[in-house]
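Text of coords-v5.tsv, listed as TSV, C-alpha atoms:
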```
chain	number	residue	atom	x	y	z
K	28	MET	CA	140.44	122.42	153.61
K	29	SER	CA	141.44	120.12	150.76
K	30	PHE	CA	142.12	117.23	153.17
K	31	PHE	CA	138.76	117.84	154.87
K	32	ASN	CA	137.00	117.76	151.49
K	33	LYS	CA	138.69	114.47	150.64
K	34	VAL	CA	137.49	112.98	153.91
K	35	LEU	CA	133.94	114.12	153.17
K	36	ALA	CA	134.15	112.77	149.60
K	37	SER	CA	135.25	109.38	150.94
K	38	VAL	CA	131.84	109.04	152.62
K	39	GLY	CA	129.94	110.49	149.68
K	40	VAL	CA	129.66	114.15	150.75
K	41	GLY	CA	130.85	116.54	148.03
K	42	ASN	CA	131.77	113.55	145.88
K	43	ALA	CA	131.88	113.57	142.07
K	44	LYS	CA	128.52	112.90	140.41
K	45	VAL	CA	127.59	110.94	137.30
K	46	ASP	CA	124.65	111.39	134.93
K	47	THR	CA	123.91	109.21	131.90
K	48	LYS	CA	121.79	110.51	129.02
K	49	LEU	CA	120.50	107.91	126.56
K	50	ASN	CA	119.78	108.56	122.89
K	51	ASP	CA	116.68	106.37	123.23
K	52	SER	CA	114.88	104.52	126.02
K	53	THR	CA	113.09	101.75	124.08
K	54	PHE	CA	114.94	98.76	122.62
K	55	LYS	CA	114.80	95.16	121.48
K	56	VAL	CA	117.37	92.61	122.60
K	57	GLY	CA	120.52	92.75	120.51
K	58	GLU	CA	119.97	96.38	119.54
K	59	MET	CA	122.60	99.02	120.25
K	60	ILE	CA	122.30	101.33	123.25
K	61	SER	CA	124.16	104.61	122.96
K	62	GLY	CA	124.42	107.86	124.82
K	63	MET	CA	126.66	110.15	126.84
K	64	THR	CA	127.83	109.86	130.44
K	65	GLU	CA	128.68	113.14	132.18
K	66	VAL	CA	130.91	113.31	135.23
K	67	ILE	CA	130.81	116.44	137.40
K	68	GLY	CA	133.62	116.98	139.89
K	69	GLY	CA	132.83	117.55	143.55
K	70	ASN	CA	134.57	119.66	146.19
K	71	THR	CA	137.96	118.07	145.55
K	72	SER	CA	139.81	116.33	142.75
K	73	GLN	CA	139.31	112.57	142.62
K	74	SER	CA	140.90	109.68	140.74
K	75	ILE	CA	138.30	107.64	138.87
K	76	GLU	CA	139.33	104.05	138.19
K	77	ALA	CA	136.56	103.51	135.63
K	78	ILE	CA	133.05	104.41	134.56
K	79	TYR	CA	130.84	101.38	134.05
K	80	ILE	CA	127.27	100.79	132.93
K	81	LYS	CA	125.46	97.62	133.97
K	82	VAL	CA	122.17	96.21	132.69
K	83	TYR	CA	120.01	95.05	135.62
K	84	THR	CA	116.78	93.19	136.13
K	85	THR	CA	115.20	91.19	138.97
K	86	TYR	CA	114.12	87.57	139.26
K	87	GLU	CA	112.43	85.36	141.84
K	88	ARG	CA	114.01	82.29	143.37
K	89	GLU	CA	112.87	79.81	145.99
K	90	ALA	CA	114.91	78.66	148.96
K	91	ASN	CA	113.70	76.82	152.07
K	92	ASP	CA	110.09	77.10	150.87
K	93	LYS	CA	110.34	80.91	150.68
K	94	LYS	CA	110.42	83.22	147.68
K	95	TYR	CA	113.11	85.87	147.28
K	96	THR	CA	113.56	88.63	144.72
K	97	ASP	CA	117.15	89.19	143.61
K	98	SER	CA	118.59	91.99	141.48
K	99	ILE	CA	121.03	90.71	138.89
K	100	ALA	CA	123.45	92.44	136.54
K	101	ILE	CA	123.17	90.63	133.22
K	102	TYR	CA	125.81	92.73	131.46
K	103	SER	CA	128.59	95.18	132.36
K	104	HIS	CA	130.15	97.70	129.97
K	105	LYS	CA	133.30	99.64	130.85
K	106	ILE	CA	133.32	103.16	129.38
K	107	THR	CA	136.72	104.57	130.40
K	108	GLU	CA	140.19	103.83	131.63
K	109	PRO	CA	141.39	105.61	134.83
K	110	PHE	CA	141.26	109.41	134.82
K	111	THR	CA	141.16	112.35	137.24
K	112	ILE	CA	138.20	114.69	137.66
K	113	ASN	CA	139.12	118.04	139.17
K	114	GLU	CA	137.04	120.17	141.51
K	115	GLN	CA	133.77	121.22	139.76
K	116	GLU	CA	135.16	120.00	136.41
K	117	LYS	CA	132.79	118.49	133.83
K	118	LYS	CA	133.71	115.66	131.48
K	119	ALA	CA	131.53	113.77	129.00
K	120	PHE	CA	132.13	110.29	127.60
K	121	PRO	CA	130.19	108.74	124.70
K	122	PHE	CA	129.36	105.03	124.88
K	123	SER	CA	127.59	102.33	122.92
K	124	PHE	CA	127.02	98.59	123.35
K	125	ASN	CA	124.59	95.94	122.20
K	126	LEU	CA	121.86	94.87	124.58
K	127	PRO	CA	122.52	91.25	125.62
K	128	LEU	CA	120.28	88.56	124.15
K	129	ASN	CA	119.07	87.35	127.55
K	130	THR	CA	117.61	90.75	128.45
K	131	PRO	CA	113.96	90.16	129.42
K	132	VAL	CA	111.00	91.98	127.92
K	133	THR	CA	109.51	94.67	130.16
K	134	MET	CA	106.07	93.12	130.47
K	135	GLY	CA	104.16	92.20	133.60
K	136	LYS	CA	106.32	92.63	136.69
K	137	THR	CA	109.58	92.68	134.74
K	138	ARG	CA	111.68	95.84	134.92
K	139	VAL	CA	115.05	96.55	133.28
K	140	TRP	CA	117.38	99.42	134.06
K	141	LEU	CA	120.88	100.74	133.44
K	142	GLN	CA	123.05	101.47	136.47
K	143	THR	CA	125.96	103.84	135.82
K	144	GLY	CA	128.72	103.96	138.41
K	145	LEU	CA	132.06	105.59	139.10
K	146	ASP	CA	134.71	103.28	140.53
K	147	ILE	CA	136.53	105.43	143.11
K	148	LYS	CA	139.01	103.88	145.52
K	149	ASN	CA	138.41	104.51	149.22
K	150	ALA	CA	135.15	106.34	148.54
K	151	VAL	CA	131.45	105.72	148.13
K	152	ASP	CA	130.79	105.03	144.44
K	153	PRO	CA	128.26	107.52	143.03
K	154	GLY	CA	125.70	106.17	140.60
K	155	ASP	CA	122.84	106.92	138.23
K	156	LYS	CA	119.82	104.73	137.41
K	157	ASP	CA	117.90	104.84	134.11
K	158	MET	CA	114.85	102.68	133.43
K	159	ILE	CA	114.53	101.33	129.88
K	160	GLU	CA	111.76	99.58	127.96
K	161	ILE	CA	112.47	96.29	126.20
K	162	ARG	CA	110.05	95.30	123.43
K	163	PRO	CA	109.55	91.70	122.22
K	164	ASN	CA	111.89	90.59	119.46
K	165	ALA	CA	110.62	88.73	116.40
K	166	PHE	CA	110.61	85.32	118.14
K	167	ILE	CA	108.75	86.44	121.25
K	168	GLN	CA	106.28	88.53	119.26
K	169	ALA	CA	105.54	85.59	116.96
K	170	GLY	CA	105.01	83.35	120.01
K	171	LEU	CA	102.66	85.85	121.68
K	172	THR	CA	100.67	86.35	118.47
K	173	ALA	CA	100.38	82.59	117.84
K	174	ALA	CA	99.25	82.00	121.42
K	175	GLN	CA	96.60	84.69	121.13
K	176	ASN	CA	95.31	83.22	117.87
K	177	LEU	CA	95.03	79.83	119.61
K	178	GLY	CA	92.81	81.33	122.31
K	179	LEU	CA	95.54	81.60	124.95
K	180	LYS	CA	95.25	84.67	127.18
K	181	LEU	CA	98.43	86.06	128.73
K	182	ARG	CA	97.98	85.97	132.51
K	183	LYS	CA	101.43	86.66	133.95
K	184	VAL	CA	104.96	87.53	132.86
K	185	ASP	CA	107.85	87.30	135.30
K	186	CYS	CA	111.46	86.25	135.65
K	187	GLU	CA	112.26	83.20	137.73
K	188	GLU	CA	115.30	81.14	138.58
K	189	ALA	CA	116.33	79.03	135.60
K	190	PRO	CA	115.42	75.33	135.56
K	191	ARG	CA	118.25	73.19	136.88
K	192	ALA	CA	119.26	72.02	133.39
K	193	TYR	CA	119.93	75.63	132.31
K	194	ARG	CA	121.67	77.09	135.37
K	195	GLY	CA	125.09	76.64	133.78
K	196	ILE	CA	123.91	78.92	130.97
K	197	THR	CA	121.74	81.48	132.75
K	198	LYS	CA	120.61	82.21	136.31
K	199	PHE	CA	117.08	83.20	135.33
K	200	VAL	CA	114.50	82.84	132.57
K	201	GLN	CA	111.44	84.88	131.67
K	202	GLU	CA	108.17	82.96	131.76
K	203	PHE	CA	105.02	83.89	129.85
K	204	GLU	CA	102.03	82.23	131.52
K	205	PHE	CA	98.79	81.71	129.56
K	206	VAL	CA	95.32	80.36	130.25
K	207	ALA	CA	93.17	78.80	127.53
K	208	SER	CA	90.22	81.19	127.58
K	209	SER	CA	88.92	80.12	124.15
K	210	GLY	CA	89.91	78.13	121.11
K	211	PRO	CA	90.95	74.47	120.76
K	212	PHE	CA	92.55	74.16	124.22
K	213	ARG	CA	89.81	75.68	126.34
K	214	GLY	CA	89.02	73.48	129.34
K	215	LYS	CA	91.96	71.15	128.67
K	216	PHE	CA	94.81	72.90	130.53
K	217	ASP	CA	95.18	74.78	133.78
K	218	GLU	CA	97.96	76.85	132.26
K	219	ILE	CA	100.57	76.91	129.52
K	220	GLU	CA	103.97	78.59	129.93
K	221	PHE	CA	106.40	79.76	127.25
K	222	THR	CA	110.10	80.35	127.92
K	223	PHE	CA	112.42	81.63	125.20
K	224	ILE	CA	116.12	80.72	125.53
K	225	PRO	CA	118.25	82.68	123.00
K	226	LYS	CA	120.72	80.70	120.93
K	227	GLY	CA	121.92	83.69	118.92
K	228	LEU	CA	120.31	86.47	116.93
K	229	ASP	CA	118.61	84.03	114.55
K	230	GLN	CA	117.71	81.08	116.76
K	231	VAL	CA	115.91	80.41	120.06
K	232	GLU	CA	114.93	77.40	122.09
K	233	LEU	CA	111.27	77.57	123.05
K	234	LEU	CA	110.32	75.63	126.18
K	235	ILE	CA	106.59	75.02	126.61
K	236	GLN	CA	105.20	73.71	129.87
K	237	VAL	CA	101.64	72.41	129.70
K	238	ASP	CA	99.69	71.82	132.92
K	239	ARG	CA	96.76	69.52	132.22
K	240	ARG	CA	93.43	70.17	133.90
K	241	VAL	CA	92.53	67.66	136.61
K	242	ARG	CA	89.89	65.08	135.67
K	243	GLY	CA	88.93	62.35	138.13
K	244	LEU	CA	90.81	60.63	140.96
K	245	GLY	CA	93.61	59.39	138.74
K	246	SER	CA	94.36	62.90	137.59
K	247	LEU	CA	94.24	64.18	141.16
K	248	PHE	CA	96.92	61.63	142.05
K	249	SER	CA	98.99	62.71	139.05
K	250	GLU	CA	98.73	66.37	140.03
K	251	ALA	CA	99.87	65.60	143.57
K	252	LEU	CA	103.05	64.09	142.08
K	253	ASN	CA	103.41	66.85	139.46
K	254	MET	CA	102.87	64.20	136.79
K	255	ASP	CA	100.25	66.39	135.10
K	256	GLU	CA	102.98	68.70	133.79
K	257	SER	CA	104.60	68.03	130.43
K	258	TYR	CA	107.40	69.85	128.63
K	259	ILE	CA	107.88	70.57	124.94
K	260	ARG	CA	111.22	71.77	123.59
K	261	LEU	CA	111.40	73.41	120.16
K	262	THR	CA	114.39	74.95	118.38
K	263	LEU	CA	113.21	77.81	116.19
K	264	SER	CA	114.93	79.79	113.47
K	265	SER	CA	113.66	82.84	111.64
K	266	ALA	CA	112.31	80.56	108.91
K	267	ASP	CA	109.92	78.92	111.42
K	268	LEU	CA	108.11	82.11	112.44
K	269	SER	CA	105.57	82.14	109.61
K	270	THR	CA	104.34	78.63	110.54
K	271	LEU	CA	104.74	78.92	114.31
K	272	GLU	CA	101.01	78.96	115.07
K	273	THR	CA	100.47	75.67	113.23
K	274	LYS	CA	103.50	74.11	114.89
K	275	LEU	CA	102.38	75.15	118.38
K	276	HIS	CA	98.88	73.84	117.72
K	277	GLN	CA	100.24	70.45	116.70
K	278	GLU	CA	102.69	70.14	119.60
K	279	ILE	CA	100.35	71.30	122.39
K	280	ALA	CA	97.45	69.20	121.05
K	281	ARG	CA	99.50	66.04	121.73
K	282	TYR	CA	99.07	66.66	125.46
K	283	SER	CA	95.38	67.68	125.50
```
Show me the file's structure as structure tokens.
Amino acid sequence: MSFFNKVLASVGVGNAKVDTKLNDSTFKVGEMISGMTEVIGGNTSQSIEAIYIKVYTTYEREANDKKYTDSIAIYSHKITEPFTINEQEKKAFPFSFNLPLNTPVTMGKTRVWLQTGLDIKNAVDPGDKDMIEIRPNAFIQAGLTAAQNLGLKLRKVDCEEAPRAYRGITKFVQEFEFVASSGPFRGKFDEIEFTFIPKGLDQVELLIQVDRRVRGLGSLFSEALNMDESYIRLTLSSADLSTLETKLHQEIARYS
């Protein structure tokens, strides 16, 4: 019977189960996530190589003129060393780790979740999925507020493959796409995009892409060659947040 149970467990029938309970479900990047992971033994004892928790999100990439959505683990945390879980036994393991700085905000189409797994040799790894909410940190919130005050309306938020210059640092970036619905830039741009690249807890690189509105044949030619797009790169520290609206106004106005 024991051998039969082991065979079943190897294909996921009567296998050990894992359940993660979080102390909270809403975070900002860099904040600590903590909780308890419970392992419940199945119909036979099993050797667990490790319990791990991974932070996942999705992003879009283009290949051969087609768009694909990929899931990506942006962080992996190992909870335990190898141990054995006996038949119907229950074990609980506390954990804590800091949310990585490149975790995207859960706005628009962006979703973030924790995937807990048991690493079991020669068996199907059981898992548990927990969705979490990521709020804007001080830099992103200041950028969103400044944009709103400048008449920019948030149209879309999504994660896309990182620009070529950043692919050695990160595989994806989160883009905040705005339209100038009022204010000083109304009628001057098709869209404006913000991308925040973390440089640590107290510094970010803000990439701003401005897409000028087409005017006349010359502008049509420029748009066909993507020459109507311009890029602004700003390095921001916490000290810059109080004057960010003025700074953005000055920088974007140069391309209007």
In Å and to one decimal, CA of Glu204 (chain K) is distant from CA of Asp157 (chain K) by 27.7 Å
Any chance you could work out the axis-aligned box around region 103-116 of chain K, listed atoms only, 4 Å on each side, giving centre and edge lengths in Å to one decimal, as JSON?
```
{"center_x": 135.0, "center_y": 108.2, "center_z": 135.4, "size_x": 20.8, "size_y": 34.0, "size_z": 20.1}
```
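For the pair CA of Thr107 (chain K) and CA of Ile159 (chain K), the interatomic distance is 22.4 Å.
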note - CA of Lys148 (chain K) and CA of Glu108 (chain K) are separated by 13.9 Å
With distances taken over all atoms listed in the file, the candidate from K:Ile67, K:Ile224, K:Met158, K:Leu126 nearest Thr197 (chain K) is K:Ile224
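Proximity of K:Phe166, K:Tyr282, K:Phe216, K:Phe205 to Thr262 (chain K), computed with only C-alpha atoms, is greatest for K:Phe166.
Distance annotation: of K:Asp185, K:Ile60, K:Asn176, K:Glu160, the residue with the minimal separation from Pro211 (chain K) is K:Asn176; atom set is only C-alpha atoms.
Shortest atom-to-atom contact with Ile106 (chain K) among K:Ala90, K:Ile75, K:Leu268, K:Ala189: K:Ile75, counting all atoms listed in the file.
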List the neighbours of Lys156 (chain K) out to 8 Å using only C-alpha atoms; skip same-chain residues closer than 3 positions along the sequence, and give me the result as a ChimeraX atom specification.
/K:140-143
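Remark: for Val139 (chain K), the closest of the candidate residues K:Lys81, K:Lys215, K:Arg88, K:Lys48 is K:Lys81 (distances computed over only C-alpha atoms).
The residue that comes closest to Thr96 (chain K), out of K:Ser283, K:Thr137, K:Asn113, K:Thr71 and on the basis of all atoms listed in the file, is K:Thr137.
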**OP:** Within 9 Å of Ala207 (chain K), counting all atoms listed in the file, which residues show up once you throw out same-chain ones fewer than 5 positions away? Write them as a count of residues only, please.
**Re:** 12
